[in-house]
Structure formats: C-alpha cells, structure tokens
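Text of data.cif (mmCIF, C-alpha atoms and all ligand atoms) as supplied:
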data_model
#
loop_
_atom_site.group_PDB
_atom_site.id
_atom_site.type_symbol
_atom_site.label_atom_id
_atom_site.label_comp_id
_atom_site.auth_asym_id
_atom_site.auth_seq_id
_atom_site.Cartn_x
_atom_site.Cartn_y
_atom_site.Cartn_z
ATOM 1 C CA MET A 1 0.000 0.000 0.000
ATOM 2 C CA THR A 2 1.388 3.424 -0.955
ATOM 3 C CA ILE A 3 1.572 6.301 1.561
ATOM 4 C CA LYS A 4 -1.250 7.990 -0.335
ATOM 5 C CA GLU A 5 -3.520 4.913 -0.069
ATOM 6 C CA MET A 6 -2.583 4.520 3.611
ATOM 7 C CA SER A 7 -3.268 8.130 4.417
ATOM 8 C CA GLU A 8 -6.715 7.866 2.866
ATOM 9 C CA LYS A 9 -7.542 5.184 5.401
ATOM 10 C CA ILE A 10 -5.551 6.366 8.380
ATOM 11 C CA VAL A 11 -6.958 9.688 9.526
ATOM 12 C CA CYS A 12 -6.174 12.180 12.243
ATOM 13 C CA PRO A 13 -7.576 10.754 15.496
ATOM 14 C CA ARG A 14 -8.403 14.252 16.712
ATOM 15 C CA CYS A 15 -10.310 15.767 13.759
ATOM 16 C CA GLN A 16 -10.697 12.869 11.278
ATOM 17 C CA SER A 17 -8.976 14.818 8.460
ATOM 18 C CA SER A 18 -6.414 13.125 6.234
ATOM 19 C CA PHE A 19 -2.773 13.453 7.145
ATOM 20 C CA ASP A 20 -1.744 15.678 4.303
ATOM 21 C CA LYS A 21 1.906 16.261 5.235
ATOM 22 C CA HIS A 22 4.117 13.204 4.939
ATOM 23 C CA ASP A 23 7.583 13.891 6.219
ATOM 24 C CA PRO A 24 9.774 10.717 6.494
ATOM 25 C CA ALA A 25 9.863 11.194 10.278
ATOM 26 C CA VAL A 26 6.408 12.548 11.033
ATOM 27 C CA TRP A 27 2.903 12.906 9.568
ATOM 28 C CA SER A 28 0.951 16.003 10.401
ATOM 29 C CA CYS A 29 -2.628 17.120 10.085
ATOM 30 C CA SER A 30 -2.930 20.607 8.644
ATOM 31 C CA SER A 31 -6.459 21.024 10.025
ATOM 32 C CA CYS A 32 -5.618 20.618 13.702
ATOM 33 C CA ALA A 33 -1.797 20.332 13.860
ATOM 34 C CA TYR A 34 -1.894 16.803 15.343
ATOM 35 C CA THR A 35 1.340 14.964 14.570
ATOM 36 C CA VAL A 36 2.282 11.321 14.621
ATOM 37 C CA PRO A 37 5.908 10.138 14.562
ATOM 38 C CA LEU A 38 7.079 7.400 12.199
ATOM 39 C CA PHE A 39 9.201 4.441 13.239
ATOM 40 C CA GLN A 40 10.749 2.521 10.346
ATOM 41 C CA GLY A 41 8.264 4.199 8.022
ATOM 42 C CA LYS A 42 5.191 3.375 10.145
ATOM 43 C CA PRO A 43 3.009 5.764 12.087
ATOM 44 C CA VAL A 44 3.212 5.062 15.818
ATOM 45 C CA PHE A 45 0.220 6.556 17.607
ATOM 46 C CA SER A 46 0.754 5.229 21.105
ATOM 47 C CA GLY A 47 3.692 4.033 23.148
ATOM 48 C CA HIS A 48 3.529 0.329 23.869
ATOM 49 C CA PRO A 49 2.770 -0.906 27.375
ATOM 50 C CA GLN A 50 5.825 -1.716 29.457
ATOM 51 C CA GLU A 51 4.454 -4.919 31.007
ATOM 52 C CA GLN A 52 4.042 -6.582 27.627
ATOM 53 C CA GLN A 53 6.922 -8.418 25.978
ATOM 54 C CA PRO A 54 7.170 -8.275 22.177
ATOM 55 C CA GLN A 55 6.424 -11.590 20.535
ATOM 56 C CA ASP A 56 9.163 -13.484 18.670
ATOM 57 C CA LYS A 57 7.204 -16.559 17.674
ATOM 58 C CA ILE A 58 6.076 -16.791 14.051
ATOM 59 C CA GLU A 59 3.612 -19.527 13.020
ATOM 60 C CA ARG A 60 2.726 -18.646 9.466
ATOM 61 C CA GLY A 61 1.104 -21.088 7.046
ATOM 62 C CA ALA A 62 -1.709 -23.623 6.642
ATOM 63 C CA ASP A 63 0.374 -26.421 8.183
ATOM 64 C CA LYS A 64 2.420 -24.434 10.706
ATOM 65 C CA GLY A 65 2.120 -24.274 14.470
ATOM 66 C CA THR A 66 -0.251 -25.992 16.858
ATOM 67 C CA ALA A 67 -3.558 -27.646 15.914
ATOM 68 C CA TRP A 68 -5.347 -24.501 17.149
ATOM 69 C CA ARG A 69 -3.239 -22.239 14.907
ATOM 70 C CA ARG A 70 -3.903 -24.478 11.902
ATOM 71 C CA ALA A 71 -7.648 -24.438 12.635
ATOM 72 C CA ASN A 72 -7.463 -20.624 12.803
ATOM 73 C CA TRP A 73 -5.729 -20.558 9.441
ATOM 74 C CA ARG A 74 -8.465 -22.670 7.807
ATOM 75 C CA PHE A 75 -11.250 -20.535 9.288
ATOM 76 C CA ILE A 76 -9.660 -17.187 8.354
ATOM 77 C CA HIS A 77 -8.835 -18.502 4.888
ATOM 78 C CA ALA A 78 -12.450 -19.557 4.302
ATOM 79 C CA ILE A 79 -13.747 -16.132 5.359
ATOM 80 C CA ALA A 80 -11.157 -14.316 3.191
ATOM 81 C CA ALA A 81 -12.180 -16.453 0.202
ATOM 82 C CA SER A 82 -15.769 -15.281 0.617
ATOM 83 C CA LEU A 83 -14.809 -11.578 0.412
ATOM 84 C CA PRO A 84 -14.677 -9.716 -2.891
ATOM 85 C CA ALA A 85 -11.181 -8.830 -4.169
ATOM 86 C CA GLY A 86 -10.084 -5.456 -2.829
ATOM 87 C CA ALA A 87 -12.327 -5.627 0.266
ATOM 88 C CA ASP A 88 -11.116 -3.430 3.139
ATOM 89 C CA VAL A 89 -9.678 -5.580 5.919
ATOM 90 C CA LEU A 90 -8.308 -4.460 9.300
ATOM 91 C CA ASP A 91 -6.311 -6.985 11.317
ATOM 92 C CA VAL A 92 -6.337 -5.727 14.918
ATOM 93 C CA GLY A 93 -3.532 -7.059 17.117
ATOM 94 C CA ALA A 94 -1.894 -8.507 14.001
ATOM 95 C CA GLY A 95 1.321 -9.275 15.914
ATOM 96 C CA ARG A 96 3.930 -10.792 13.600
ATOM 97 C CA GLY A 97 1.476 -10.680 10.697
ATOM 98 C CA ASP A 98 0.977 -14.440 10.544
ATOM 99 C CA PHE A 99 -2.345 -14.118 8.694
ATOM 100 C CA ARG A 100 -1.457 -11.220 6.371
ATOM 101 C CA GLN A 101 -0.727 -13.394 3.325
ATOM 102 C CA ILE A 102 -4.279 -14.822 3.456
ATOM 103 C CA PHE A 103 -5.475 -11.354 2.477
ATOM 104 C CA ALA A 104 -3.112 -10.888 -0.492
ATOM 105 C CA HIS A 105 -6.074 -9.960 -2.756
ATOM 106 C CA HIS A 106 -7.647 -7.538 -0.323
ATOM 107 C CA SER A 107 -6.862 -4.062 0.877
ATOM 108 C CA TYR A 108 -5.287 -5.141 4.158
ATOM 109 C CA ILE A 109 -4.059 -3.086 7.113
ATOM 110 C CA GLY A 110 -2.417 -4.780 10.091
ATOM 111 C CA LEU A 111 -2.068 -2.901 13.362
ATOM 112 C CA ASP A 112 -0.666 -3.675 16.756
ATOM 113 C CA ILE A 113 0.371 -1.854 19.897
ATOM 114 C CA TYR A 114 3.939 -2.862 19.005
ATOM 115 C CA PRO A 115 5.627 -1.490 15.885
ATOM 116 C CA TYR A 116 6.418 -5.015 14.651
ATOM 117 C CA PRO A 117 8.092 -5.089 11.221
ATOM 118 C CA GLU A 118 5.045 -6.869 9.762
ATOM 119 C CA ILE A 119 2.409 -4.288 10.677
ATOM 120 C CA ASP A 120 1.304 -1.047 9.003
ATOM 121 C CA LEU A 121 0.716 1.128 12.046
ATOM 122 C CA ALA A 122 1.214 0.936 15.792
ATOM 123 C CA VAL A 123 -1.694 2.018 17.945
ATOM 124 C CA ASP A 124 -3.562 1.000 21.053
ATOM 125 C CA LEU A 125 -6.954 0.882 19.373
ATOM 126 C CA ILE A 126 -8.772 1.197 22.695
ATOM 127 C CA GLU A 127 -7.166 4.555 23.406
ATOM 128 C CA ILE A 128 -6.803 6.061 19.931
ATOM 129 C CA ASN A 129 -8.895 5.601 16.804
ATOM 130 C CA PRO A 130 -7.144 6.681 13.591
ATOM 131 C CA PHE A 131 -9.948 5.489 11.257
ATOM 132 C CA LYS A 132 -13.299 6.807 10.150
ATOM 133 C CA GLU A 133 -16.487 5.105 11.243
ATOM 134 C CA ARG A 134 -17.692 2.379 8.815
ATOM 135 C CA SER A 135 -14.316 1.909 7.057
ATOM 136 C CA PHE A 136 -13.903 -1.865 6.864
ATOM 137 C CA ASP A 137 -15.618 -4.874 5.317
ATOM 138 C CA LEU A 138 -13.856 -7.200 7.738
ATOM 139 C CA VAL A 139 -12.186 -6.608 11.089
ATOM 140 C CA VAL A 140 -10.084 -9.482 12.427
ATOM 141 C CA LEU A 141 -9.349 -10.159 16.103
ATOM 142 C CA ALA A 142 -7.319 -13.360 15.995
ATOM 143 C CA ASN A 143 -6.189 -14.533 19.428
ATOM 144 C CA VAL A 144 -6.393 -11.007 20.787
ATOM 145 C CA ILE A 145 -9.339 -10.605 23.170
ATOM 146 C CA GLU A 146 -7.916 -12.936 25.806
ATOM 147 C CA HIS A 147 -5.034 -10.432 26.103
ATOM 148 C CA VAL A 148 -7.157 -7.315 26.402
ATOM 149 C CA TYR A 149 -8.345 -6.381 29.868
ATOM 150 C CA GLU A 150 -10.911 -3.921 28.503
ATOM 151 C CA TYR A 151 -12.187 -6.235 25.799
ATOM 152 C CA ARG A 152 -15.647 -4.642 25.709
ATOM 153 C CA LYS A 153 -14.185 -1.303 24.627
ATOM 154 C CA LEU A 154 -12.084 -2.976 21.934
ATOM 155 C CA ILE A 155 -14.990 -4.957 20.491
ATOM 156 C CA SER A 156 -17.278 -1.954 20.443
ATOM 157 C CA ARG A 157 -14.585 0.041 18.613
ATOM 158 C CA CYS A 158 -14.200 -2.778 16.055
ATOM 159 C CA ALA A 159 -17.986 -2.829 15.530
ATOM 160 C CA PHE A 160 -17.895 0.962 15.051
ATOM 161 C CA LEU A 161 -15.319 0.540 12.281
ATOM 162 C CA LEU A 162 -17.396 -1.974 10.286
ATOM 163 C CA LYS A 163 -19.199 -0.865 7.160
ATOM 164 C CA PRO A 164 -22.908 -1.707 7.022
ATOM 165 C CA GLY A 165 -23.020 -5.462 6.401
ATOM 166 C CA GLY A 166 -19.357 -5.733 7.468
ATOM 167 C CA GLN A 167 -18.065 -8.644 9.513
ATOM 168 C CA LEU A 168 -16.062 -9.077 12.704
ATOM 169 C CA LEU A 169 -13.969 -12.236 12.810
ATOM 170 C CA ILE A 170 -12.891 -13.434 16.259
ATOM 171 C CA THR A 171 -10.791 -16.448 17.136
ATOM 172 C CA VAL A 172 -10.238 -17.013 20.827
ATOM 173 C CA PRO A 173 -8.796 -19.954 22.756
ATOM 174 C CA PHE A 174 -10.612 -21.482 25.694
ATOM 175 C CA LEU A 175 -8.670 -24.507 26.988
ATOM 176 C CA LEU A 176 -5.249 -23.141 26.255
ATOM 177 C CA LYS A 177 -2.454 -22.676 28.750
ATOM 178 C CA LEU A 178 -1.557 -19.210 29.977
ATOM 179 C CA HIS A 179 0.596 -17.470 27.396
ATOM 180 C CA GLN A 180 2.283 -14.086 26.907
ATOM 181 C CA GLU A 181 2.060 -13.594 30.657
ATOM 182 C CA PRO A 182 1.276 -11.393 32.447
ATOM 183 C CA VAL A 183 -0.871 -10.045 29.597
ATOM 184 C CA ASP A 184 -3.299 -12.998 29.530
ATOM 185 C CA TYR A 185 -6.534 -11.874 31.189
ATOM 186 C CA HIS A 186 -9.566 -13.784 29.934
ATOM 187 C CA ARG A 187 -11.186 -16.950 28.636
ATOM 188 C CA TYR A 188 -14.700 -16.677 27.146
ATOM 189 C CA THR A 189 -17.489 -19.209 26.797
ATOM 190 C CA HIS A 190 -19.809 -19.105 23.804
ATOM 191 C CA TYR A 191 -22.464 -17.611 26.087
ATOM 192 C CA ALA A 192 -20.201 -14.588 26.642
ATOM 193 C CA LEU A 193 -19.304 -14.331 22.950
ATOM 194 C CA PHE A 194 -22.969 -14.319 21.902
ATOM 195 C CA GLN A 195 -23.686 -11.645 24.464
ATOM 196 C CA LEU A 196 -20.814 -9.525 23.154
ATOM 197 C CA ALA A 197 -22.238 -9.785 19.641
ATOM 198 C CA GLU A 198 -25.690 -8.821 20.853
ATOM 199 C CA GLU A 199 -24.570 -5.809 22.868
ATOM 200 C CA ASN A 200 -22.839 -4.489 19.732
ATOM 201 C CA GLN A 201 -25.906 -5.110 17.521
ATOM 202 C CA LEU A 202 -24.076 -7.797 15.569
ATOM 203 C CA SER A 203 -25.677 -11.010 14.349
ATOM 204 C CA VAL A 204 -23.947 -14.391 14.339
ATOM 205 C CA ALA A 205 -23.052 -15.292 10.740
ATOM 206 C CA ARG A 206 -20.866 -18.304 11.549
ATOM 207 C CA PHE A 207 -19.766 -19.898 14.786
ATOM 208 C CA GLU A 208 -17.398 -22.845 15.167
ATOM 209 C CA VAL A 209 -16.629 -24.718 18.342
ATOM 210 C CA TYR A 210 -13.204 -26.271 18.001
ATOM 211 C CA THR A 211 -12.412 -29.404 19.983
ATOM 212 C CA ASN A 212 -9.296 -31.545 19.890
ATOM 213 C CA PRO A 213 -8.881 -34.137 22.682
ATOM 214 C CA PHE A 214 -5.457 -35.159 21.360
ATOM 215 C CA ALA A 215 -4.139 -31.603 21.560
ATOM 216 C CA LEU A 216 -5.382 -31.524 25.170
ATOM 217 C CA LEU A 217 -3.652 -34.836 25.826
ATOM 218 C CA ASP A 218 -0.413 -33.350 24.460
ATOM 219 C CA GLU A 219 -0.781 -30.399 26.839
ATOM 220 C CA GLY A 220 -1.328 -32.775 29.760
ATOM 221 C CA ILE A 221 1.721 -34.854 28.910
ATOM 222 C CA ALA A 222 3.866 -31.730 28.490
ATOM 223 C CA ASP A 223 2.681 -30.655 31.925
ATOM 224 C CA VAL A 224 3.805 -33.975 33.417
ATOM 225 C CA TRP A 225 7.291 -33.619 31.867
ATOM 226 C CA GLU A 226 7.681 -30.006 32.957
ATOM 227 C CA ASN A 227 5.973 -29.898 36.332
ATOM 228 C CA VAL A 228 5.393 -33.351 37.785
ATOM 229 C CA LEU A 229 8.540 -35.311 36.943
ATOM 230 C CA PRO A 230 11.014 -32.795 38.364
ATOM 231 C CA LEU A 231 9.395 -33.273 41.807
ATOM 232 C CA ARG A 232 9.891 -37.084 41.913
ATOM 233 C CA GLN A 233 12.606 -39.003 43.761
ATOM 234 C CA ARG A 234 15.299 -40.449 41.481
ATOM 235 C CA ILE A 235 14.216 -44.131 41.192
ATOM 236 C CA ASP A 236 10.526 -43.290 41.138
ATOM 237 C CA HIS A 237 11.396 -40.565 38.615
ATOM 238 C CA LEU A 238 12.856 -43.138 36.214
ATOM 239 C CA HIS A 239 9.776 -45.406 36.424
ATOM 240 C CA THR A 240 7.396 -42.520 35.857
ATOM 241 C CA LYS A 241 9.509 -41.234 32.961
ATOM 242 C CA VAL A 242 9.231 -44.578 31.180
ATOM 243 C CA LYS A 243 5.454 -44.700 31.732
ATOM 244 C CA VAL A 244 4.935 -41.141 30.504
ATOM 245 C CA ALA A 245 7.090 -41.824 27.434
ATOM 246 C CA LEU A 246 4.894 -44.856 26.675
ATOM 247 C CA ILE A 247 1.687 -42.850 27.072
ATOM 248 C CA GLN A 248 3.139 -40.194 24.795
ATOM 249 C CA LYS A 249 4.007 -42.763 22.134
ATOM 250 C CA LEU A 250 0.495 -44.228 22.296
ATOM 251 C CA ALA A 251 -1.105 -40.779 22.163
ATOM 252 C CA ASN A 252 0.990 -39.846 19.119
ATOM 253 C CA SER A 253 -0.022 -42.978 17.259
ATOM 254 C CA MET A 254 -3.714 -42.408 18.096
ATOM 255 C CA LYS A 255 -3.772 -38.758 17.070
ATOM 256 C CA ALA A 256 -2.370 -39.381 13.583
ATOM 257 C CA ASN A 257 -5.819 -39.379 11.963
ATOM 258 C CA GLN A 258 -7.314 -36.712 14.256
ATOM 259 C CA ALA A 259 -4.534 -34.150 14.160
ATOM 260 C CA ASP A 260 -6.806 -31.434 12.781
ATOM 261 C CA GLY A 261 -9.369 -31.731 15.566
ATOM 262 C CA VAL A 262 -13.126 -31.402 15.084
ATOM 263 C CA VAL A 263 -15.269 -28.373 14.380
ATOM 264 C CA LYS A 264 -18.789 -28.505 15.792
ATOM 265 C CA PRO A 265 -21.820 -26.281 15.635
ATOM 266 C CA VAL A 266 -22.494 -24.662 18.985
ATOM 267 C CA GLN A 267 -25.861 -26.408 19.400
ATOM 268 C CA GLU A 268 -24.127 -29.763 19.643
ATOM 269 C CA ASN A 269 -22.934 -29.597 23.207
ATOM 270 C CA SER A 270 -21.533 -33.121 23.368
ATOM 271 C CA ASN A 271 -17.977 -32.038 24.179
ATOM 272 C CA PRO A 272 -17.693 -29.212 26.675
ATOM 273 C CA ARG A 273 -13.863 -29.406 26.568
ATOM 274 C CA VAL A 274 -13.569 -26.688 23.969
ATOM 275 C CA LEU A 275 -10.112 -25.743 22.745
ATOM 276 C CA GLY A 276 -11.343 -22.503 21.247
ATOM 277 C CA TYR A 277 -14.030 -20.620 19.357
ATOM 278 C CA MET A 278 -13.976 -19.177 15.865
ATOM 279 C CA CYS A 279 -16.729 -16.655 15.187
ATOM 280 C CA LEU A 280 -17.978 -14.399 12.455
ATOM 281 C CA PHE A 281 -20.316 -11.621 13.571
ATOM 282 C CA GLN A 282 -22.083 -9.319 11.158
ATOM 283 C CA LYS A 283 -23.288 -5.724 11.222
ATOM 284 C CA ASP A 284 -26.738 -5.110 9.839
ATOM 285 C CA ALA A 285 -26.677 -3.900 6.222
ATOM 286 C CA LEU A 286 -28.803 -0.889 7.214
ATOM 287 C CA GLN A 287 -26.751 0.145 10.256
HETATM 288 C C1 LIG B 1 -1.521 -13.284 20.949
HETATM 289 S S1 LIG B 1 -1.152 -11.947 19.922
HETATM 290 C C2 LIG B 1 -2.003 -12.426 18.443
HETATM 291 C C3 LIG B 1 -1.263 -12.011 17.198
HETATM 292 C C4 LIG B 1 -1.932 -12.411 15.868
HETATM 293 N N1 LIG B 1 -3.293 -11.906 15.750
HETATM 294 C C5 LIG B 1 -1.905 -13.915 15.707
HETATM 295 O O1 LIG B 1 -2.915 -14.594 15.980
HETATM 296 O O2 LIG B 1 -0.837 -14.418 15.336
HETATM 297 C C6 LIG B 1 -2.175 -10.594 20.519
HETATM 298 C C7 LIG B 1 -1.744 -9.247 19.948
HETATM 299 O O3 LIG B 1 -2.710 -8.237 20.272
HETATM 300 C C8 LIG B 1 -2.015 -7.013 20.477
HETATM 301 N N2 LIG B 1 -2.899 -6.101 21.217
HETATM 302 C C9 LIG B 1 -3.355 -6.247 22.481
HETATM 303 N N3 LIG B 1 -4.127 -5.192 22.843
HETATM 304 C C10 LIG B 1 -4.190 -4.368 21.753
HETATM 305 C C11 LIG B 1 -4.820 -3.092 21.517
HETATM 306 N N4 LIG B 1 -5.531 -2.466 22.468
HETATM 307 N N5 LIG B 1 -4.663 -2.502 20.299
HETATM 308 C C12 LIG B 1 -3.894 -3.126 19.354
HETATM 309 N N6 LIG B 1 -3.276 -4.329 19.524
HETATM 310 C C13 LIG B 1 -3.407 -4.937 20.716
HETATM 311 C C14 LIG B 1 -0.768 -7.469 21.241
HETATM 312 O O4 LIG B 1 0.262 -6.512 21.214
HETATM 313 C C15 LIG B 1 -0.427 -8.794 20.541
HETATM 314 O O5 LIG B 1 0.511 -8.611 19.489
HETATM 315 ZN ZN ZN B 2 -6.471 16.812 12.790
#

Mind converting the file's structure to structure tokens?
Ligand SMILES: C[S@@+](CC[C@H](N)C(=O)[O-])C[C@H]1O[C@@H](n2cnc3c(N)ncnc32)[C@H](O)[C@@H]1O
Ligand SMILES: [Zn+2]
Amino acid sequence: MTIKEMSEKIVCPRCQSSFDKHDPAVWSCSSCAYTVPLFQGKPVFSGHPQEQQPQDKIERGADKGTAWRRANWRFIHAIAASLPAGADVLDVGAGRGDFRQIFAHHSYIGLDIYPYPEIDLAVDLIEINPFKERSFDLVVLANVIEHVYEYRKLISRCAFLLKPGGQLLITVPFLLKLHQEPVDYHRYTHYALFQLAEENQLSVARFEVYTNPFALLDEGIADVWENVLPLRQRIDHLHTKVKVALIQKLANSMKANQADGVVKPVQENSNPRVLGYMCLFQKDALQ
C-alpha cells in the first residue's frame, strides 16, 4: 500500500482529516496540527505498554504451528475467500502478521500496539482511533481478546469501524495454557461471545466450536514432563519417565488421523472441553 492509499484510510484521530503532510519522520494534520511520529516508516500513535513483551514466535502457514493455529488458518482462509477482491480488511492485534498473506487480494491493514516489522501502524486501538467510522468490510481479532483487559471497549470500537453489512472475525482460545504472561486476562465461553455480539448489535453469521482431545492430551503430557517429573525421587522418577514416554508414544499414534481436531456447531454440546471458538459476527446492512 502506498503512503497515499494509507493516508486515505488512516486519519487524524483528533479531527478525522487526512494526514496531508508526509515527512519521512512525522505525519501532520494541517487542520488541527496533530502529529504522529514514524518508526521505520510506520506511524506510531501510542507508546507500547511496558508490562508486555514483544512476541518473537512466528507460526505462518496452513500447516504451521499448533492444531489450534492451523484451525485458525483454515477458518480465516475460508472467510477471506468469501470476500470480494479489494475488500477493506483491518487486522487488529496482528502481531507478527501471521495471517497477512491470506489477504493478499484484499486491501489489508495490520495494526498492533507494538511497531512489529510486519504491521502497518502501531496504535492502542482502545485509546486512539485513527480510522473513520464504517471503514472496513472485515475486522479481524485473531487470538487477541484474551489479552485485552478492557475487551468490551475494543470490540465496540471494532464494531464501530465496520461498514454496514461488514463482519467481525474473532478467534479465541478457551482450553489453552496461559501465554504471553502477564498479559493474559480472559477466557470466554460461547455464552459470553454471543452476548458480546448482541450488545454491539451484531448477528452471528458463523460460529465454530473447536475441539481436539489429542491436543489436550499433548498439553497434559507436556505438563507432566515439565511440572510433575522434576518433583519425583530419582528411582521413582525413572519409572514414571518410562510410563509417561509410553503414554506419549500411544497418544501420538492415536492422534495421527485426528490431528486437525473437530469443528462442531455450537448447538451440539456433546464435548464441553472446547479448545477454542472461531466466530464471524455481522453488522446489519442498514446500520
Ligand atoms: C496473541 S497476539 C495475536 C497475534 C496475531 N493476531 C496472531 O494470531 O498471530 C495478541 C496481539 O494483540 C495485540 N494487542 C493487544 N491489545 C491491543 C490493543 N488495544 N490494540 C492493538 N493491539 C493490541 C498485542 O500486542 C499482541 O501482538
Ligand atoms: Zn487533525
């Protein structure tokens, strides 16, 4: 995206005018004199929070990363394929840009609090809004809302940014270990997610409940290696190690044909051990 295209979408958070002065180090708004500094060519609207560590891990591709990440990839890919070419997409909390390439045929903007090399602008979207209302056909929140203490504010801002008929895509883990601590605040049930959609006047266009007992088994076994075995006495330790290794071997052979997990409709409540939810909420076409 050229600076001109970017500056048509990214507007002055104070007065909503375009940034019409593009110095290599700073953009400025001639209507209200608001300025935003650039870091490595990207506007940085807010300083990043000190308690949060930047993320190094990159899991990019249909067959990369954990079963949950791969399920996310399939879901996001399917939604992207249903959008017209050139649709306006905003990836909020895009991190290392793992899903950017899925939107190669769309007009994609990735943002994050951190000025990661893979994003287009750095902003805390709860505090500062550098976009006009009704700007995007799709807003993506992939694995973000569990890390946002004030998630209600963030979701309502995302809903505000949707065009009429636009969609909000959320993926969010449920039975997943704590990660990116201490910035891991929430887990949501589908009851909470439906309520969030309703309070933002969004309807549920698609909702997938992702289960994967073998991924949970893997987590359990990893927990035994990391946290249980180190506490054992030496001889007992050796016996337990052999048993756990056997269980792990068995589990690996059983999961071979179930590695992708199972996606269920929410009505089918036969497995309450949900690994995560993948949702598509929609703004009314007349809103
Ligand atoms: C777990 S990462 C997910 C990254 C990416 N969406 C993915 O799934 O690979 C969550 C990201 O949300 C970002 N984030 C959290 N709160 C945010 C906010 N208020 N505005 C913008 N980004 C935010 C974090 O900095 C972090 O990079
Ligand atoms: Zn301005």

Go through chain A and flag each residue having an atom no more than 6 Å from ligand LIG 1 (chain B); for those, report the closest pair of atoms plus their distance in Å to one decimal, using all atoms listed in the file, ordered by chain and rising number, as JSON lines.
{"residue": "A:Val92", "atom": "CA", "partner": "B:LIG1", "partner_atom": "C12", "distance": 5.7}
{"residue": "A:Gly93", "atom": "CA", "partner": "B:LIG1", "partner_atom": "O3", "distance": 3.5}
{"residue": "A:Ala94", "atom": "CA", "partner": "B:LIG1", "partner_atom": "N1", "distance": 4.1}
{"residue": "A:Gly95", "atom": "CA", "partner": "B:LIG1", "partner_atom": "O5", "distance": 3.7}
{"residue": "A:Asp98", "atom": "CA", "partner": "B:LIG1", "partner_atom": "O2", "distance": 5.1}
{"residue": "A:Asp112", "atom": "CA", "partner": "B:LIG1", "partner_atom": "N6", "distance": 3.9}
{"residue": "A:Ile113", "atom": "CA", "partner": "B:LIG1", "partner_atom": "N6", "distance": 4.4}
{"residue": "A:Tyr114", "atom": "CA", "partner": "B:LIG1", "partner_atom": "O4", "distance": 5.6}
{"residue": "A:Val123", "atom": "CA", "partner": "B:LIG1", "partner_atom": "C12", "distance": 5.8}
{"residue": "A:Asp124", "atom": "CA", "partner": "B:LIG1", "partner_atom": "N5", "distance": 3.7}
{"residue": "A:Leu125", "atom": "CA", "partner": "B:LIG1", "partner_atom": "N5", "distance": 4.2}
{"residue": "A:Ile126", "atom": "CA", "partner": "B:LIG1", "partner_atom": "N4", "distance": 4.9}
{"residue": "A:Ala142", "atom": "CA", "partner": "B:LIG1", "partner_atom": "N1", "distance": 4.3}
{"residue": "A:Asn143", "atom": "CA", "partner": "B:LIG1", "partner_atom": "O1", "distance": 4.8}
{"residue": "A:Val144", "atom": "CA", "partner": "B:LIG1", "partner_atom": "C6", "distance": 4.2}
{"residue": "A:His147", "atom": "CA", "partner": "B:LIG1", "partner_atom": "C9", "distance": 5.8}
{"residue": "A:Val148", "atom": "CA", "partner": "B:LIG1", "partner_atom": "N3", "distance": 5.1}

Using all atoms listed in the file, determine which residues fall within 12 Å of ligand ZN 2 (chain B), then list them as number ranges by chain.
-> A: 10-21, 27-36, 130-131

Near-stretch 202-218 of chain A list (7 Å; only C-alpha atoms; drop same-chain fewer than 6 positions) as a compact mmCIF listing (two decimals) with C-alpha atoms, in the frame of the given file:
# COMPACT_ATOMS: atom_id res chain seq x y z
CA ALA A 67 -3.56 -27.65 15.91
CA LYS A 255 -3.77 -38.76 17.07
CA GLY A 261 -9.37 -31.73 15.57
CA VAL A 262 -13.13 -31.40 15.08
CA VAL A 263 -15.27 -28.37 14.38
CA LYS A 264 -18.79 -28.50 15.79
CA PRO A 265 -21.82 -26.28 15.64
CA VAL A 266 -22.49 -24.66 18.98
CA ARG A 273 -13.86 -29.41 26.57
CA VAL A 274 -13.57 -26.69 23.97
CA LEU A 275 -10.11 -25.74 22.74
CA GLY A 276 -11.34 -22.50 21.25
CA TYR A 277 -14.03 -20.62 19.36
CA MET A 278 -13.98 -19.18 15.86
CA CYS A 279 -16.73 -16.66 15.19
CA LEU A 280 -17.98 -14.40 12.46
CA PHE A 281 -20.32 -11.62 13.57
CA GLN A 282 -22.08 -9.32 11.16
CA LYS A 283 -23.29 -5.72 11.22
CA ASP A 284 -26.74 -5.11 9.84

Point out the residue among A:Ser7, A:Gln258, A:Ser46, A:Ser82 with the least atom-to-atom distance to A:Ala122, counting all atoms listed in the file.
-> A:Ser46

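With all atoms listed in the file as the atoms that count, the residue of A:Gln55, A:Ser107, A:Thr189, A:Gln267 with the shortest distance to A:Val172 is A:Thr189.
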
Residue nearest A:Met6 - candidates A:Phe39, A:Phe75, A:Tyr108, A:Trp68, atoms counted: all atoms listed in the file =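 Nearest to A:Met6: A:Tyr108.
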
Output of the PyMOL selection byres (((chain A and resi 121) around 8) and not hetatm), listed as a list in words =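 Listing what the PyMOL selection byres (((chain A and resi 121) around 8) and not hetatm) selects in the shown file: Lys42, Pro43, Val44, Phe45, Gly110, Leu111, Asp112, Pro115, Ile119, Asp120, Ala122 and Val123 of chain A.
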
Using only C-alpha atoms, which of the listed residues (A:Lys163, A:Arg134, A:Lys177, A:His186) sits closest to A:Tyr149?
->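 Using only C-alpha atoms, the shortest distance to A:Tyr149 belongs to A:His186.
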
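Taking atom CA of A:Ile79 and atom CA of A:Ala104 as endpoints, the distance between them is 13.2 Å.
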
Using all atoms listed in the file, the shortest atom-to-atom distance to A:Glu181 among A:Ile247, A:Leu196, A:Ala25, A:Gln53 belongs to A:Gln53

Out of A:Ala159, A:Leu38, A:Ala285, A:Met254, which residue has the shortest atom-to-atom distance to A:Glu199 when counting all atoms listed in the file?
->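 Looking only at the distances to A:Glu199, the closest residue turns out to be A:Ala159.
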